[in-house]
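What follows is a short report on a single structure.
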Amino acid sequence: MAAEQELTATSYIQHHLSFNAQSVGDHPFWTLNVDSLVIGAVLGIVATALMWWVVRGATSGVPNKRQAFVELLFGFVDDQVKGIFHGKRDFIAPTALTVFVWVLLMNAMDFLPADIMAWILTHVFHQHEFRIVPTADVNTTFALSLSVLLLMIYFSIAVKGLRGWIHELFCAPFGSHPLLWPFNFLFNLVEYVSKPLSHSLRLYGNMYAGEIIFLLLWLWAATSLSGAFFGVILGVGWSIFHILIVVLQAYIFMMLTIVYISMAHESH
Amino acid sequence: MNINLTLIAQAISFALFILFTVKFIWPPLMKAMEERQKQIADGLAAGEEGKQQLQASGKLASEELVKARARAAEIIAHAEKRGLQMIEEAKNSAKAEGDRLIAGAKSEIQQEVSSAKEALREQVATLVVSGAEKILQREVNAQAHAELLNQLKREL
């Protein structure tokens with residue numbers, strides 16, 4: 001609303017960076033970012049539905065192009081998992097696939113031109129504050145990385161047993177001398193905190209920065225004709241570069257997921 | 001950048017997507033892919049086997065061919081030998097027959113000659129006697145001159 005009254009640089013950026021937050025409780029925690037949730041769910045459902053549709057008609061004979069494409073994706077993910085994790089891949093590989101496809105699609109929302117999407121959302125859906133890149137929401141990236149953390153802990157306990165896991169918490173990596181227990185535990189604690197933190201913030205930072213750079217370019221484009229000209233050229237450059245970032249970040253996120261879960265399987 | 005309930009909601013959707021993928025998406029396609037891999041491997045193995053069989057049968061065929069050639073050569077040599085032998089036999093028998101015929105003819109001729117000689121001798125003797133009778137014009141004591149006549153006959 002404020003943006004309609006007087007359009008300043010600050011209000012423009014603020015407008016593009018505010019979530020569609022719906023409060024469901026008294027505390028600020030009880031808030032839902034409807035935009036991240038809806039876009040994430042829609043993308044996830046579309047991706048899984050498409051894959052399901054292809055997989056249901058899958059044949060072991062000559063595959064059609066649809067199936068060949070999905071098989072290419074499956075083979076790519078399966079090869080990555082195979083290279084890192086040695087064991088039954090019944091769970092890890094599909095998890096990695098889900099992570100890759102979902103994060104890739106959520107990142108790819110950044111390709112959509114921010115202001116055109118804002119116009120559509122305002123005039124068709126009557127939503128003034130709506131961010132279309134779920135991975136530029138720290139909640140989404142933390143949801144992913146904390147889920148991976150839970151999987152790490154689950155697999156650690158499932159593989160080594162509860163005693164084995166606790167033993168490892170206190171006796172690795174420095175040694176099992178009782179004097180070393182606090183240091184080992186502290187070390188492991190830092191590891192368990194830093195893994196999801198870096199995992200999620202890497203993705204979030206990249207996507208958020210990408211979004212901001214686009215917004216700055218469009219802001220420049222709105223200032224003058226030459227600004228529009230250079231804004232467009234730089235926008236094309238950044239878009240092309242962003243294709244790399246989007247895929248690379250999805251790939252890195254998937255690889256780290258595989259690495260973390262497979263590390264949880266190893267005992268020291 | 002504030003953490004709120006969205007985190008838990010997104011984690012739930014993440015978990016649902018993972019479960020769906022693990023249960024319904026990954027296994028069927030992986031099964032299909034593995035089946036195809038197996039089919040391809042089997043096909044390649046069958047092709048290899050067929051190739052080997054082809055090689056073996058080719059070898060067998062050439063061996064058979066060599067054997068057949070040797071056998072054919074043997075048969076031809078035998079036939080040639082037999083032909084020569086037959087020709088030789090035919091020649092021999094023809095020669096023998098010819099000889100026999102010649103011998104027959106010769107003996108016949110001999111017989112003819114001797115019978116002709118005999119007849120001539122007879123006639124000459126008669127002629128001589130009658131000649132002598134005419135020359136002498138006188139009685140001839142056949143009995144007295146028989147011995148002389150016989151002697152003449154012998155000399156002829």
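Labels for the structure tokens follow display order: chains A, B, ..., residues from 1 in each chain, ligands from 1.
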
Enumerate as a compact mmCIF listing (two decimals) with C-alpha atoms, in the first residue's frame the residues belonging to chain B that approach chain A to within 12 Å, with only C-alpha atoms taken into account.
# COMPACT_ATOMS: atom_id res chain seq x y z
CA MET B 1 14.95 -13.12 8.55
CA ASN B 2 12.85 -14.42 11.33
CA ILE B 3 12.24 -18.04 12.13
CA ASN B 4 8.59 -18.90 12.49
CA LEU B 5 6.05 -21.66 12.04
CA THR B 6 6.80 -21.74 8.31
CA LEU B 7 9.88 -23.80 9.16
CA ILE B 8 7.83 -26.61 10.65
CA ALA B 9 5.25 -26.45 7.87
CA GLN B 10 7.96 -26.60 5.19
CA ALA B 11 9.64 -29.47 7.02
CA ILE B 12 6.35 -31.35 6.98
CA SER B 13 5.91 -30.82 3.24
CA PHE B 14 9.52 -31.84 2.72
CA ALA B 15 8.92 -35.04 4.68
CA LEU B 16 5.77 -35.77 2.67
CA PHE B 17 7.58 -35.25 -0.62
CA ILE B 18 10.41 -37.50 0.51
CA LEU B 19 8.02 -40.22 1.63
CA PHE B 20 6.09 -40.06 -1.62
CA THR B 21 9.28 -40.24 -3.66
CA VAL B 22 10.71 -43.08 -1.59
CA LYS B 23 7.50 -45.09 -1.78
CA PHE B 24 5.96 -44.43 -5.15
CA ILE B 25 8.41 -42.74 -7.49
CA TRP B 26 11.86 -44.20 -6.96
CA PRO B 27 11.25 -47.97 -6.78
CA PRO B 28 9.21 -48.54 -10.00
CA LEU B 29 11.51 -46.57 -12.26
CA MET B 30 14.64 -48.01 -10.68
CA LYS B 31 13.16 -51.47 -11.17
CA ALA B 32 12.47 -50.69 -14.81
CA MET B 33 15.99 -49.32 -15.27
CA GLU B 34 17.59 -52.34 -13.63
CA GLU B 35 15.44 -54.68 -15.69
CA ARG B 36 16.53 -52.90 -18.84
CA GLN B 37 20.16 -53.11 -17.77
CA LYS B 38 19.72 -56.83 -17.25
CA GLN B 39 18.02 -57.20 -20.62
CA ILE B 40 20.82 -55.33 -22.32

| said: Please list as a list in words every residue within 9 Å of Leu248 (chain A), counting only C-alpha atoms and excluding residues in the same chain fewer than 5 positions away. | reply: Leu104, Ile243 and Phe253 of chain A

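The gap separating CA of Met207 (chain A) from CA of Asn107 (chain A) is 6.8 Å, in Å to one decimal.
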
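Going from CA of Ala46 (chain B) over to CA of Asn64 (chain A), you cover 25.1 Å.
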
| field | Residues within 12 Å of Ser194 (chain A), only C-alpha atoms, excluding chain neighbours under 5 positions, as a VMD selection string | value | chain A and resid 145 to 146 149 186 to 189 199 to 202 260

How would the residues just chosen look if you wrote them out with C-alpha atoms as a short mmCIF file (atom, residue, chain, number, x, y, z; two decimals), in the first residue's frame?
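Result file is again_1.cif:
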data_model
loop_
_atom_site.label_atom_id
_atom_site.label_comp_id
_atom_site.auth_asym_id
_atom_site.auth_seq_id
_atom_site.Cartn_x
_atom_site.Cartn_y
_atom_site.Cartn_z
CA SER A 145 18.64 -28.57 6.66
CA LEU A 146 17.05 -29.40 10.01
CA LEU A 149 19.93 -33.08 10.65
CA LEU A 186 31.88 -29.82 22.45
CA PHE A 187 33.46 -30.63 19.13
CA ASN A 188 30.55 -32.82 18.09
CA LEU A 189 28.08 -30.20 19.27
CA HIS A 199 23.88 -26.07 4.82
CA SER A 200 20.86 -23.80 4.96
CA LEU A 201 22.52 -20.39 5.02
CA ARG A 202 24.59 -21.15 1.92
CA TYR A 260 25.89 -35.69 5.81
#

| said: Using DSSP assignments from the backbone, pull out every residue in region 8-255 of chain A that falls under strand (DSSP E) and give it to me as a PyMOL selection string. | reply: chain A and resi 21-23+31-33

| message | Which residues are near Trp220 (chain A)? Cut-off 12 Å, only C-alpha atoms, ignore same chain within fewer than 2 positions. Put them as a ChimeraX atom specification. | response | /A:8-9,12-13,213-218,222-235

Could you please take those selected residues and save C-alpha atoms as a short mmCIF file (atom, residue, chain, number, x, y, z; two decimals), in the first residue's frame?
data_model
loop_
_atom_site.label_atom_id
_atom_site.label_comp_id
_atom_site.auth_asym_id
_atom_site.auth_seq_id
_atom_site.Cartn_x
_atom_site.Cartn_y
_atom_site.Cartn_z
CA THR A 8 11.03 5.23 -3.21
CA ALA A 9 13.95 2.86 -3.53
CA TYR A 12 10.33 -0.75 -3.61
CA ILE A 13 12.83 -3.13 -2.11
CA ILE A 213 20.77 -7.95 -7.26
CA PHE A 214 17.82 -8.34 -9.60
CA LEU A 215 15.86 -5.81 -7.56
CA LEU A 216 18.76 -3.33 -7.64
CA LEU A 217 19.05 -3.72 -11.40
CA TRP A 218 15.32 -3.10 -11.88
CA ALA A 222 13.45 2.68 -13.44
CA THR A 223 15.66 5.77 -13.06
CA SER A 224 16.34 6.78 -16.66
CA LEU A 225 16.60 5.59 -20.24
CA SER A 226 20.31 4.83 -19.95
CA GLY A 227 19.63 3.17 -16.62
CA ALA A 228 17.01 1.00 -18.31
CA PHE A 229 19.45 0.16 -21.09
CA PHE A 230 22.29 -0.87 -18.81
CA GLY A 231 19.90 -2.42 -16.33
CA VAL A 232 18.56 -4.70 -19.06
CA ILE A 233 22.06 -5.67 -20.26
CA LEU A 234 23.27 -6.38 -16.76
CA GLY A 235 19.98 -8.11 -16.01
#

| as a ChimeraX atom specification, which residues of region 102-246 of chain A does DSSP assign to alpha helix (DSSP H)? | /A:102-108,114-123,138-171,181-221,225-246

| said: Just checking: using only C-alpha atoms, which residue out of A:Met263, A:Leu121, A:Ile245, A:Val236 ends up closest to Tyr208 (chain A)? | reply: A:Ile245

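Reported to one decimal place, the separation of CA of Trp165 (chain A) from CA of Ser267 (chain A) is 8.5 Å.
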
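You can rank A:Val159, A:Ile132, A:Ala209, A:Ile166 by their closest distance to Trp181 (chain A) using only C-alpha atoms, and at the top of that list sits A:Ile166.
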